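To be precise, the following lines are input.cif, and they hold mmCIF, C-alpha atoms.
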```cif
data_structure
loop_
_atom_site.label_atom_id
_atom_site.label_comp_id
_atom_site.auth_asym_id
_atom_site.auth_seq_id
_atom_site.Cartn_x
_atom_site.Cartn_y
_atom_site.Cartn_z
CA MET N 1 7.61 -41.50 -17.72
CA VAL N 2 10.53 -41.20 -20.16
CA PHE N 3 12.01 -43.81 -22.46
CA SER N 4 14.33 -45.74 -20.14
CA GLU N 5 17.96 -46.30 -21.05
CA ARG N 6 17.96 -49.83 -19.69
CA GLY N 7 15.30 -52.42 -20.35
CA LEU N 8 13.73 -54.43 -17.56
CA SER N 9 14.07 -58.13 -16.99
CA PRO N 10 11.05 -60.34 -17.68
CA ALA N 11 10.55 -60.73 -13.94
CA GLU N 12 10.59 -56.96 -13.46
CA VAL N 13 8.07 -56.50 -16.26
CA ARG N 14 5.78 -59.11 -14.70
CA ALA N 15 6.06 -57.39 -11.33
CA GLU N 16 5.12 -54.01 -12.83
CA LEU N 17 2.19 -55.57 -14.69
CA ALA N 18 0.95 -57.14 -11.46
CA GLU N 19 1.30 -53.84 -9.63
CA ALA N 20 -0.54 -51.94 -12.36
CA SER N 21 -3.43 -54.42 -12.47
CA ALA N 22 -3.88 -54.44 -8.69
CA GLY N 23 -6.11 -51.38 -8.92
CA ASP N 24 -8.32 -52.72 -11.72
CA ALA N 25 -11.96 -53.41 -10.97
CA ASN N 26 -13.04 -56.79 -9.63
CA TRP N 27 -15.59 -56.80 -12.44
CA LYS N 28 -17.02 -60.32 -12.29
CA GLU N 29 -17.75 -60.52 -8.58
CA ARG N 30 -19.02 -56.92 -8.54
CA LEU N 31 -21.49 -57.52 -11.43
CA ALA N 32 -20.12 -54.97 -13.88
CA ALA N 33 -22.42 -54.67 -16.90
CA GLY N 34 -20.98 -55.41 -20.33
CA VAL N 35 -17.30 -55.41 -19.35
CA SER N 36 -16.55 -59.08 -19.99
CA TYR N 37 -18.60 -62.23 -20.40
CA PRO N 38 -17.43 -65.07 -18.15
CA ALA N 39 -18.59 -68.50 -19.31
CA GLY N 40 -16.27 -70.73 -17.29
CA ASP N 41 -12.55 -71.32 -16.88
CA ASP N 42 -12.60 -74.04 -19.54
CA VAL N 43 -13.96 -71.65 -22.19
CA LEU N 44 -11.48 -68.98 -21.17
CA GLN N 45 -8.55 -71.39 -21.45
CA VAL N 46 -9.59 -72.47 -24.95
CA ALA N 47 -9.64 -68.82 -26.02
CA VAL N 48 -6.30 -68.06 -24.36
CA ASP N 49 -4.56 -71.05 -25.95
CA ALA N 50 -5.79 -70.16 -29.43
CA TYR N 51 -5.07 -66.45 -29.03
CA THR N 52 -1.49 -66.95 -27.92
CA ARG N 53 -0.78 -69.59 -30.57
CA PHE N 54 -1.80 -67.15 -33.32
CA PHE N 55 -0.59 -64.01 -31.56
CA THR N 56 1.80 -63.06 -34.39
CA GLY N 57 -0.70 -63.74 -37.21
CA ASN N 58 -2.04 -60.93 -39.37
CA ALA N 59 -5.27 -61.52 -41.28
CA LEU N 60 -4.43 -58.70 -43.72
CA TYR N 61 -2.04 -61.15 -45.39
CA ALA N 62 -4.34 -64.06 -46.19
CA GLY N 63 -1.77 -65.60 -48.54
CA LEU N 64 0.77 -65.83 -45.74
CA PHE N 65 -1.72 -66.97 -43.09
CA PRO N 66 -4.18 -69.36 -44.77
CA SER N 67 -5.08 -70.67 -41.32
CA LEU N 68 -6.56 -67.29 -40.38
CA GLU N 69 -8.43 -67.05 -43.68
CA ARG N 70 -9.89 -70.49 -42.97
CA PHE N 71 -10.83 -69.56 -39.40
CA GLU N 72 -12.53 -66.35 -40.50
CA ASN N 73 -14.44 -68.04 -43.28
CA GLU N 74 -15.61 -70.81 -40.97
CA VAL N 75 -16.66 -68.39 -38.21
CA VAL N 76 -18.65 -66.40 -40.75
CA ALA N 77 -20.21 -69.61 -42.09
CA MET N 78 -21.17 -70.83 -38.61
CA THR N 79 -22.65 -67.44 -37.75
CA ALA N 80 -24.53 -67.31 -41.05
CA ASP N 81 -25.96 -70.72 -40.18
CA LEU N 82 -27.19 -69.35 -36.83
CA MET N 83 -28.73 -66.38 -38.65
CA HIS N 84 -30.43 -68.55 -41.30
CA ALA N 85 -28.54 -67.03 -44.20
CA ASP N 86 -28.64 -68.87 -47.52
CA GLN N 87 -24.91 -68.28 -48.02
CA PRO N 88 -22.19 -66.77 -45.83
CA PHE N 89 -21.11 -63.25 -46.78
CA GLY N 90 -19.25 -61.29 -44.13
CA ASN N 91 -16.19 -60.81 -41.99
CA ILE N 92 -14.78 -60.71 -38.49
CA THR N 93 -14.26 -57.17 -37.18
CA SER N 94 -12.67 -55.69 -34.06
CA GLY N 95 -15.99 -55.21 -32.26
CA GLY N 96 -19.60 -54.16 -32.48
CA SER N 97 -18.88 -50.53 -33.25
CA GLU N 98 -16.80 -51.48 -36.29
CA SER N 99 -19.48 -53.91 -37.46
CA ILE N 100 -22.09 -51.16 -37.21
CA LEU N 101 -19.82 -48.69 -39.00
CA LEU N 102 -19.46 -51.15 -41.86
CA ALA N 103 -23.22 -51.69 -42.08
CA VAL N 104 -23.77 -47.93 -42.32
CA LYS N 105 -20.95 -47.53 -44.84
CA SER N 106 -22.42 -50.32 -46.98
CA ALA N 107 -25.88 -48.73 -46.92
CA ARG N 108 -24.49 -45.32 -47.85
CA ASP N 109 -22.39 -46.67 -50.72
CA ARG N 110 -25.18 -48.88 -52.04
CA ALA N 111 -27.50 -45.89 -52.11
CA ARG N 112 -24.85 -43.83 -53.92
CA ALA N 113 -24.67 -46.46 -56.65
CA ARG N 114 -28.41 -47.05 -56.96
CA ARG N 115 -29.82 -43.61 -56.09
CA PRO N 116 -27.21 -40.98 -56.98
CA ARG N 117 -29.76 -38.21 -56.60
CA VAL N 118 -29.59 -38.69 -52.80
CA THR N 119 -26.96 -36.19 -51.69
CA ARG N 120 -27.96 -35.88 -48.03
CA PRO N 121 -28.42 -39.49 -46.85
CA GLU N 122 -30.34 -40.24 -43.67
CA MET N 123 -30.89 -43.26 -41.44
CA VAL N 124 -33.88 -43.92 -39.20
CA VAL N 125 -32.85 -45.19 -35.76
CA PRO N 126 -34.98 -45.89 -32.65
CA GLU N 127 -33.88 -43.94 -29.58
CA SER N 128 -33.02 -47.26 -27.88
CA ALA N 129 -30.30 -48.07 -30.46
CA HIS N 130 -26.59 -48.19 -29.70
CA PRO N 131 -24.61 -44.91 -29.86
CA ALA N 132 -22.36 -46.46 -32.52
CA PHE N 133 -25.01 -45.46 -35.08
CA TRP N 134 -24.55 -41.83 -34.11
CA LYS N 135 -20.79 -42.33 -34.38
CA ALA N 136 -21.20 -43.82 -37.85
CA ALA N 137 -23.39 -40.92 -38.94
CA HIS N 138 -20.71 -38.51 -37.74
CA TYR N 139 -17.93 -40.38 -39.56
CA PHE N 140 -19.74 -41.02 -42.84
CA GLY N 141 -21.78 -37.87 -43.29
CA LEU N 142 -25.29 -39.19 -42.66
CA ARG N 143 -28.10 -37.54 -40.76
CA ILE N 144 -29.64 -39.50 -37.89
CA VAL N 145 -33.41 -39.40 -37.60
CA PRO N 146 -34.20 -40.79 -34.11
CA THR N 147 -37.67 -42.17 -33.39
CA PRO N 148 -39.35 -42.66 -30.01
CA LEU N 149 -40.48 -45.67 -28.02
CA ARG N 150 -44.05 -46.10 -26.83
CA ARG N 151 -44.19 -45.27 -23.14
CA ASP N 152 -46.77 -47.91 -22.29
CA ASP N 153 -44.67 -50.94 -23.29
CA TRP N 154 -41.27 -49.43 -24.26
CA GLN N 155 -41.51 -50.87 -27.76
CA VAL N 156 -40.64 -49.04 -30.98
CA ASP N 157 -43.38 -46.64 -32.09
CA LEU N 158 -43.94 -48.07 -35.58
CA ASP N 159 -46.11 -45.16 -36.74
CA ALA N 160 -43.38 -42.66 -35.89
CA TYR N 161 -40.75 -44.97 -37.37
CA ARG N 162 -42.58 -45.24 -40.69
CA ALA N 163 -43.29 -41.49 -40.77
CA ALA N 164 -39.56 -40.73 -40.40
CA VAL N 165 -38.71 -42.43 -43.70
CA ASN N 166 -38.37 -40.14 -46.72
CA GLY N 167 -36.62 -39.91 -50.08
CA ASN N 168 -33.23 -39.37 -48.43
CA THR N 169 -33.42 -42.46 -46.22
CA VAL N 170 -30.73 -45.01 -47.08
CA LEU N 171 -30.83 -47.19 -43.93
CA LEU N 172 -33.32 -48.34 -41.33
CA VAL N 173 -32.13 -49.87 -38.05
CA GLY N 174 -33.50 -52.32 -35.50
CA SER N 175 -32.00 -54.01 -32.43
CA ALA N 176 -32.06 -57.60 -31.21
CA PRO N 177 -31.93 -56.77 -28.39
CA SER N 178 -31.64 -53.07 -27.57
CA LEU N 179 -28.67 -52.01 -25.46
CA ILE N 180 -30.64 -50.69 -22.50
CA LEU N 181 -33.96 -52.54 -22.31
CA GLY N 182 -32.85 -55.89 -23.71
CA MET N 183 -35.98 -56.05 -25.88
CA VAL N 184 -36.07 -57.36 -29.44
CA ASP N 185 -37.53 -54.71 -31.73
CA PRO N 186 -40.43 -55.72 -34.02
CA ILE N 187 -37.97 -56.56 -36.78
CA PRO N 188 -40.46 -58.09 -39.28
CA GLU N 189 -42.62 -54.95 -39.28
CA MET N 190 -39.61 -52.61 -39.39
CA ALA N 191 -37.79 -54.52 -42.13
CA ALA N 192 -40.95 -54.53 -44.23
CA ILE N 193 -40.82 -50.73 -44.35
CA ALA N 194 -37.29 -50.94 -45.78
CA ALA N 195 -38.23 -53.71 -48.20
CA GLU N 196 -41.08 -51.61 -49.59
CA ARG N 197 -38.53 -48.99 -50.58
CA ASP N 198 -35.67 -51.36 -51.47
CA ILE N 199 -33.27 -49.79 -48.98
CA ASN N 200 -30.96 -51.38 -46.44
CA PHE N 201 -32.15 -52.63 -43.07
CA HIS N 202 -29.58 -53.45 -40.39
CA VAL N 203 -30.21 -55.62 -37.34
CA ASP N 204 -27.87 -54.74 -34.49
CA SER N 205 -27.55 -58.10 -32.76
CA CYS N 206 -24.13 -57.35 -31.32
CA VAL N 207 -25.39 -58.33 -27.88
CA GLY N 208 -27.83 -61.07 -28.84
CA GLY N 209 -26.40 -62.72 -31.93
CA TYR N 210 -24.79 -65.65 -30.10
CA PHE N 211 -27.45 -65.80 -27.39
CA LEU N 212 -30.92 -65.30 -28.85
CA PRO N 213 -30.79 -68.24 -31.30
CA PHE N 214 -30.39 -70.54 -28.30
CA VAL N 215 -33.10 -68.72 -26.34
CA GLU N 216 -35.40 -69.52 -29.24
CA ALA N 217 -34.19 -73.14 -29.35
CA LEU N 218 -35.04 -73.49 -25.65
CA GLY N 219 -38.66 -72.58 -26.37
CA TYR N 220 -38.78 -68.95 -25.26
CA ARG N 221 -40.99 -66.77 -27.48
CA LEU N 222 -39.12 -64.26 -29.61
CA PRO N 223 -39.94 -62.22 -32.69
CA ARG N 224 -37.81 -63.29 -35.64
CA PHE N 225 -34.86 -60.99 -36.21
CA ASP N 226 -32.47 -62.73 -38.62
CA PHE N 227 -32.29 -63.45 -42.35
CA ARG N 228 -35.57 -65.37 -42.18
CA VAL N 229 -37.13 -61.90 -42.17
CA PRO N 230 -37.56 -60.42 -45.67
CA GLY N 231 -35.90 -57.03 -45.94
CA VAL N 232 -33.06 -57.65 -43.49
CA THR N 233 -29.87 -56.87 -45.41
CA THR N 234 -27.12 -56.87 -42.74
CA ILE N 235 -26.67 -58.21 -39.20
CA SER N 236 -23.94 -57.57 -36.63
CA ALA N 237 -23.14 -60.04 -33.82
CA ASP N 238 -20.31 -59.78 -31.30
CA LEU N 239 -18.13 -62.82 -30.72
CA HIS N 240 -16.51 -61.22 -27.70
CA LYS N 241 -19.83 -60.77 -25.93
CA PHE N 242 -22.03 -63.85 -25.66
CA GLY N 243 -19.87 -65.71 -28.14
CA TYR N 244 -17.47 -65.82 -25.14
CA ALA N 245 -14.45 -65.23 -27.40
CA ALA N 246 -11.45 -62.98 -26.82
CA LYS N 247 -11.63 -59.24 -27.38
CA GLY N 248 -11.93 -57.76 -29.90
CA ALA N 249 -14.04 -59.81 -32.26
CA SER N 250 -17.42 -59.26 -33.88
CA THR N 251 -19.07 -60.33 -37.12
CA ILE N 252 -20.81 -58.36 -39.84
CA LEU N 253 -22.98 -60.40 -42.22
CA SER N 254 -24.71 -59.46 -45.48
CA ARG N 255 -27.71 -61.24 -46.97
CA ASP N 256 -26.06 -61.78 -50.36
CA ASP N 257 -23.18 -60.75 -52.57
CA GLU N 258 -25.07 -57.76 -53.99
CA ILE N 259 -25.31 -56.28 -50.49
CA TYR N 260 -21.80 -57.36 -49.46
CA GLN N 261 -19.99 -55.75 -52.39
CA TYR N 262 -20.41 -52.32 -50.81
CA GLN N 263 -18.62 -53.28 -47.58
CA PRO N 264 -14.91 -53.63 -48.61
CA PHE N 265 -12.45 -50.90 -49.53
CA ASP N 266 -10.32 -51.29 -52.66
CA PHE N 267 -7.27 -49.24 -53.53
CA GLY N 268 -6.23 -49.93 -57.10
CA PRO N 269 -6.40 -48.18 -60.48
CA PRO N 270 -5.19 -45.70 -61.45
CA ALA N 271 -2.70 -45.48 -58.60
CA ARG N 272 -2.03 -49.23 -58.36
CA PRO N 273 -2.95 -52.45 -60.18
CA ALA N 274 -6.43 -53.87 -59.53
CA GLY N 275 -6.58 -55.72 -56.22
CA TRP N 276 -3.31 -54.23 -54.97
CA TYR N 277 -4.82 -53.32 -51.57
CA HIS N 278 -8.19 -54.75 -50.52
CA THR N 279 -9.59 -54.63 -47.00
CA PRO N 280 -13.04 -56.02 -46.15
CA THR N 281 -13.17 -54.17 -42.80
CA MET N 282 -12.13 -50.78 -41.43
CA ALA N 283 -8.76 -52.09 -40.29
CA GLY N 284 -5.76 -53.02 -42.36
CA THR N 285 -3.81 -55.27 -40.04
CA ARG N 286 -6.15 -57.56 -38.13
CA PRO N 287 -4.79 -59.53 -35.16
CA GLY N 288 -4.79 -63.25 -35.74
CA GLY N 289 -5.22 -64.10 -32.08
CA ALA N 290 -8.75 -62.72 -31.87
CA ILE N 291 -9.82 -64.57 -35.03
CA ALA N 292 -8.30 -67.86 -33.88
CA ALA N 293 -9.80 -67.56 -30.40
CA ALA N 294 -13.26 -66.95 -31.85
CA TRP N 295 -13.00 -70.00 -34.07
CA ALA N 296 -11.69 -72.13 -31.20
CA VAL N 297 -14.50 -71.19 -28.78
CA LEU N 298 -17.23 -71.76 -31.38
CA ARG N 299 -15.75 -75.16 -32.20
CA TYR N 300 -15.30 -76.03 -28.52
CA LEU N 301 -18.84 -75.20 -27.42
CA GLY N 302 -20.93 -76.04 -30.47
CA ARG N 303 -24.68 -75.69 -30.35
CA GLU N 304 -24.98 -77.95 -27.31
CA GLY N 305 -22.49 -75.93 -25.29
CA TYR N 306 -24.04 -72.58 -26.11
CA GLN N 307 -27.54 -73.85 -25.43
CA ARG N 308 -26.42 -75.22 -22.06
CA LEU N 309 -24.87 -71.88 -21.06
CA VAL N 310 -27.86 -69.90 -22.30
CA GLY N 311 -30.27 -72.17 -20.43
CA GLN N 312 -28.29 -71.77 -17.22
CA THR N 313 -28.16 -68.00 -17.63
CA MET N 314 -31.84 -67.57 -18.48
CA ARG N 315 -32.89 -69.55 -15.40
CA TYR N 316 -30.97 -67.40 -12.97
CA ILE N 317 -31.67 -64.11 -14.76
CA ARG N 318 -35.42 -64.67 -14.65
CA GLN N 319 -35.16 -65.21 -10.89
CA PHE N 320 -32.93 -62.14 -10.56
CA GLN N 321 -35.50 -60.01 -12.41
CA ALA N 322 -38.32 -61.47 -10.31
CA ASP N 323 -36.41 -60.58 -7.11
CA ILE N 324 -35.99 -57.00 -8.34
CA ASN N 325 -39.68 -56.71 -9.20
CA ALA N 326 -40.55 -58.08 -5.76
CA THR N 327 -38.52 -55.34 -4.07
CA PRO N 328 -40.88 -52.50 -3.02
CA GLY N 329 -40.50 -49.50 -5.33
CA LEU N 330 -38.46 -51.22 -8.05
CA GLU N 331 -39.46 -52.54 -11.48
CA VAL N 332 -37.73 -54.02 -14.49
CA LEU N 333 -38.68 -52.01 -17.57
CA GLY N 334 -40.33 -53.65 -20.56
CA GLN N 335 -40.07 -57.33 -21.47
CA PRO N 336 -36.33 -58.21 -21.70
CA ALA N 337 -35.59 -61.10 -24.04
CA MET N 338 -32.33 -62.11 -22.38
CA THR N 339 -29.83 -61.02 -19.75
CA VAL N 340 -29.78 -57.36 -20.77
CA PHE N 341 -32.23 -55.25 -18.78
CA VAL N 342 -32.71 -52.07 -16.79
CA TYR N 343 -34.62 -51.49 -13.59
CA THR N 344 -35.96 -48.24 -12.21
CA SER N 345 -38.33 -46.77 -9.66
CA ARG N 346 -41.34 -44.48 -9.96
CA THR N 347 -41.28 -43.62 -6.24
CA LEU N 348 -37.60 -43.62 -5.24
CA ASP N 349 -34.50 -41.77 -6.43
CA ILE N 350 -32.89 -44.59 -8.40
CA PHE N 351 -29.53 -42.82 -8.43
CA ALA N 352 -29.59 -42.77 -4.63
CA VAL N 353 -30.00 -46.54 -4.87
CA ALA N 354 -27.04 -46.59 -7.27
CA ASP N 355 -24.94 -44.61 -4.78
CA GLY N 356 -25.78 -47.08 -2.04
CA LEU N 357 -24.79 -50.02 -4.23
CA GLU N 358 -21.48 -48.36 -5.11
CA ASP N 359 -20.81 -47.69 -1.43
CA ARG N 360 -20.99 -51.46 -0.92
CA GLY N 361 -18.57 -52.14 -3.75
CA TRP N 362 -20.95 -52.99 -6.61
CA LEU N 363 -20.11 -51.65 -10.07
CA VAL N 364 -23.18 -49.79 -11.30
CA SER N 365 -24.13 -48.73 -14.84
CA ARG N 366 -26.57 -45.82 -14.65
CA ASP N 367 -28.79 -44.81 -17.51
CA SER N 368 -31.20 -41.99 -18.28
CA VAL N 369 -32.99 -43.05 -21.52
CA PRO N 370 -35.76 -44.00 -21.79
CA PHE N 371 -36.01 -43.61 -18.00
CA PRO N 372 -33.45 -43.14 -15.20
CA GLY N 373 -32.36 -46.63 -14.22
CA ILE N 374 -29.67 -49.18 -13.43
CA ARG N 375 -28.56 -51.33 -16.35
CA PHE N 376 -27.43 -54.97 -16.37
CA MET N 377 -25.80 -57.32 -18.87
CA GLN N 378 -25.09 -60.65 -17.21
CA SER N 379 -23.28 -63.89 -18.13
CA PRO N 380 -23.15 -67.42 -16.67
CA GLY N 381 -20.16 -66.56 -14.48
CA HIS N 382 -22.07 -63.85 -12.63
CA GLU N 383 -24.63 -66.20 -11.11
CA PRO N 384 -22.81 -66.93 -7.80
CA PHE N 385 -22.83 -63.23 -6.85
CA VAL N 386 -26.46 -62.32 -7.54
CA ALA N 387 -27.90 -63.37 -4.18
CA ALA N 388 -25.54 -61.04 -2.30
CA TYR N 389 -26.48 -58.22 -4.66
CA VAL N 390 -30.19 -58.72 -4.02
CA ARG N 391 -29.64 -58.71 -0.24
CA ASP N 392 -27.72 -55.44 -0.43
CA LEU N 393 -30.22 -53.96 -2.88
CA ARG N 394 -33.17 -54.51 -0.55
CA GLN N 395 -31.35 -52.97 2.40
CA ILE N 396 -30.36 -49.96 0.31
CA VAL N 397 -33.88 -49.49 -1.06
CA ALA N 398 -35.21 -49.42 2.51
CA ALA N 399 -32.63 -46.76 3.42
CA VAL N 400 -33.59 -44.62 0.40
CA ALA N 401 -37.31 -45.01 1.16
CA SER N 402 -36.78 -43.88 4.77
CA GLY N 403 -34.77 -40.82 3.70
CA GLU N 404 -31.61 -42.15 5.31
CA LEU N 405 -29.80 -42.32 1.96
CA LYS N 406 -29.91 -39.55 -0.66
CA SER N 407 -28.34 -39.18 -4.08
CA ARG N 408 -24.97 -37.50 -4.41
CA GLY N 409 -26.01 -36.20 -7.83
CA ARG N 410 -23.94 -38.42 -10.10
CA LYS N 411 -25.09 -38.61 -13.72
CA ALA N 412 -25.80 -41.53 -16.03
CA ASN N 413 -22.78 -43.29 -17.51
CA TYR N 414 -22.16 -45.86 -20.25
CA THR N 415 -20.13 -48.22 -18.06
#
```
Rewrite the structure of this file - the entire thing - as structure tokens.
Amino acid sequence: MVFSERGLSPAEVRAELAEASAGDANWKERLAAGVSYPAGDDVLQVAVDAYTRFFTGNALYAGLFPSLERFENEVVAMTADLMHADQPFGNITSGGSESILLAVKSARDRARARRPRVTRPEMVVPESAHPAFWKAAHYFGLRIVPTPLRRDDWQVDLDAYRAAVNGNTVLLVGSAPSLILGMVDPIPEMAAIAAERDINFHVDSCVGGYFLPFVEALGYRLPRFDFRVPGVTTISADLHKFGYAAKGASTILSRDDEIYQYQPFDFGPPARPAGWYHTPTMAGTRPGGAIAAAWAVLRYLGREGYQRLVGQTMRYIRQFQADINATPGLEVLGQPAMTVFVYTSRTLDIFAVADGLEDRGWLVSRDSVPFPGIRFMQSPGHEPFVAAYVRDLRQIVAAVASGELKSRGRKANYT
């Protein structure tokens, strides 16, 4: 490809776009995990309309786009309400990784101000946490101290977690839920360890932040994970996951202004006047479309809409998990709190099962920690395709058990 001398017509551009997208994955019908989160054509259209209307907006310039400032403030306030915060302190980011980066940056900078003797900061992270914490450690010069899960129930080993904390620890981390197992960590017990030492504790609720509050409202039992828990200082929650908003949009919340002050970046004296350049997130320019779409979907669905979608999803996912557990040789690991889970086998080569599923067109996410398995992250729009998956799965499992189907040796993968 070289820079063409002559531009294309709009019709030619549309034709090339259609041709390019023809080879993209049929992700919804093929049950791809974590790619997108279909909640219905009506929700999608609300997001599209808002995104395109504010396509040219730039949230860096709040004075020029007061609408975007309003939308961001109101999204943060609504999310803070879900998380039982006393006051809203936070921002919309480009996604969960950026939200996690900001939480780590805030913890590091707060420790620098309050404990300057700490020159080699560390954070304690369960092995089930998202890899974005390792990315943040790499970017910001922290040392990761990973801690194990108990192998009897796949929950965080609290004794090992507590033992990992030392004088260099500036951040402790928990998940609600974890990326692989879909289990909510024992946040009250973990946050108490941070509170004892007056250090930051971050809850990664990127997956569950707009889902778990409605699971709780429907009467399912969950450990508390939000600002009702003493010691929780920051929470991340992704709008573009189970908030059903456009990509990329997430939120990062702080308990109070004392915590929040360490999140933004200021470029001022002596090079420029105070307040000359202030960014609350990693990005400078922030696309207005994603912010507007998030606001529009939250306003469109409200609590009733989200609770309806969560109820629908929980009903079918519990049956899906039961069907997997009823398949000879397969088991769902742990006690998933929502639609994120992994299943494995103690008697069969689970990656041979994965190969068989891929041969039939299913999009499979393989994992290896804490156990080789097949990972799921499902939304309301996936329900119509689950029965066909279960039929294929049982036929494939029978073929693997008989020796007819063997693994081709493919490794675990994030997607």
For CA of Thr147 in chain N and CA of Glu122 in chain N, the interatomic separation in Å (one decimal):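 Separation of CA of Thr147 in chain N and CA of Glu122 in chain N: 12.8 Å.
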Just say which residues the PyMOL selection byres ((chain N and resi 382) around 12) picks in this file, as number ranges by chain. N: 26-40, 309, 312-314, 316-317, 320, 339, 376-381, 383-389
Counting all atoms listed in the file, note down every residue that has an atom within 12 Å of the point (-35.5, -72.6, -29.3) (file coordinates), as a count of residues only. 22
Explicit residue set for the PyMOL selection byres ((chain N and resi 129) around 9), as a ChimeraX atom specification: /N:125-128,130-133,173-175,178-180,204
Using all atoms listed in the file, find each residue of range 89-123 of chain N with at least one atom at most 9 Å away from an atom of range 65-81 of chain N; report its shortest atom-to-atom pair and that distance in Å (one decimal), sort the rows by chain and rising residue number, and return the result as a tab-separated table.
```
residue	atom	partner	partner_atom	distance
N:Phe89	CA	N:Val76	CA	7.2
N:Gly90	CA	N:Val76	CA	6.2
N:Asn91	CA	N:Val76	CA	6.2
N:Ile92	CA	N:Glu72	CA	6.4
```
How would you write, as a PyMOL selection string, the residues chosen by the PyMOL selection byres ((chain N and resi 263-276) around 9) on this structure? chain N and resi 90+102-103+105-107+109+254+259-262+277-282
Between CA of Asp153 in chain N and CA of Ala326 in chain N, what is the distance in Å, rounded to a tenth? 19.4 Å
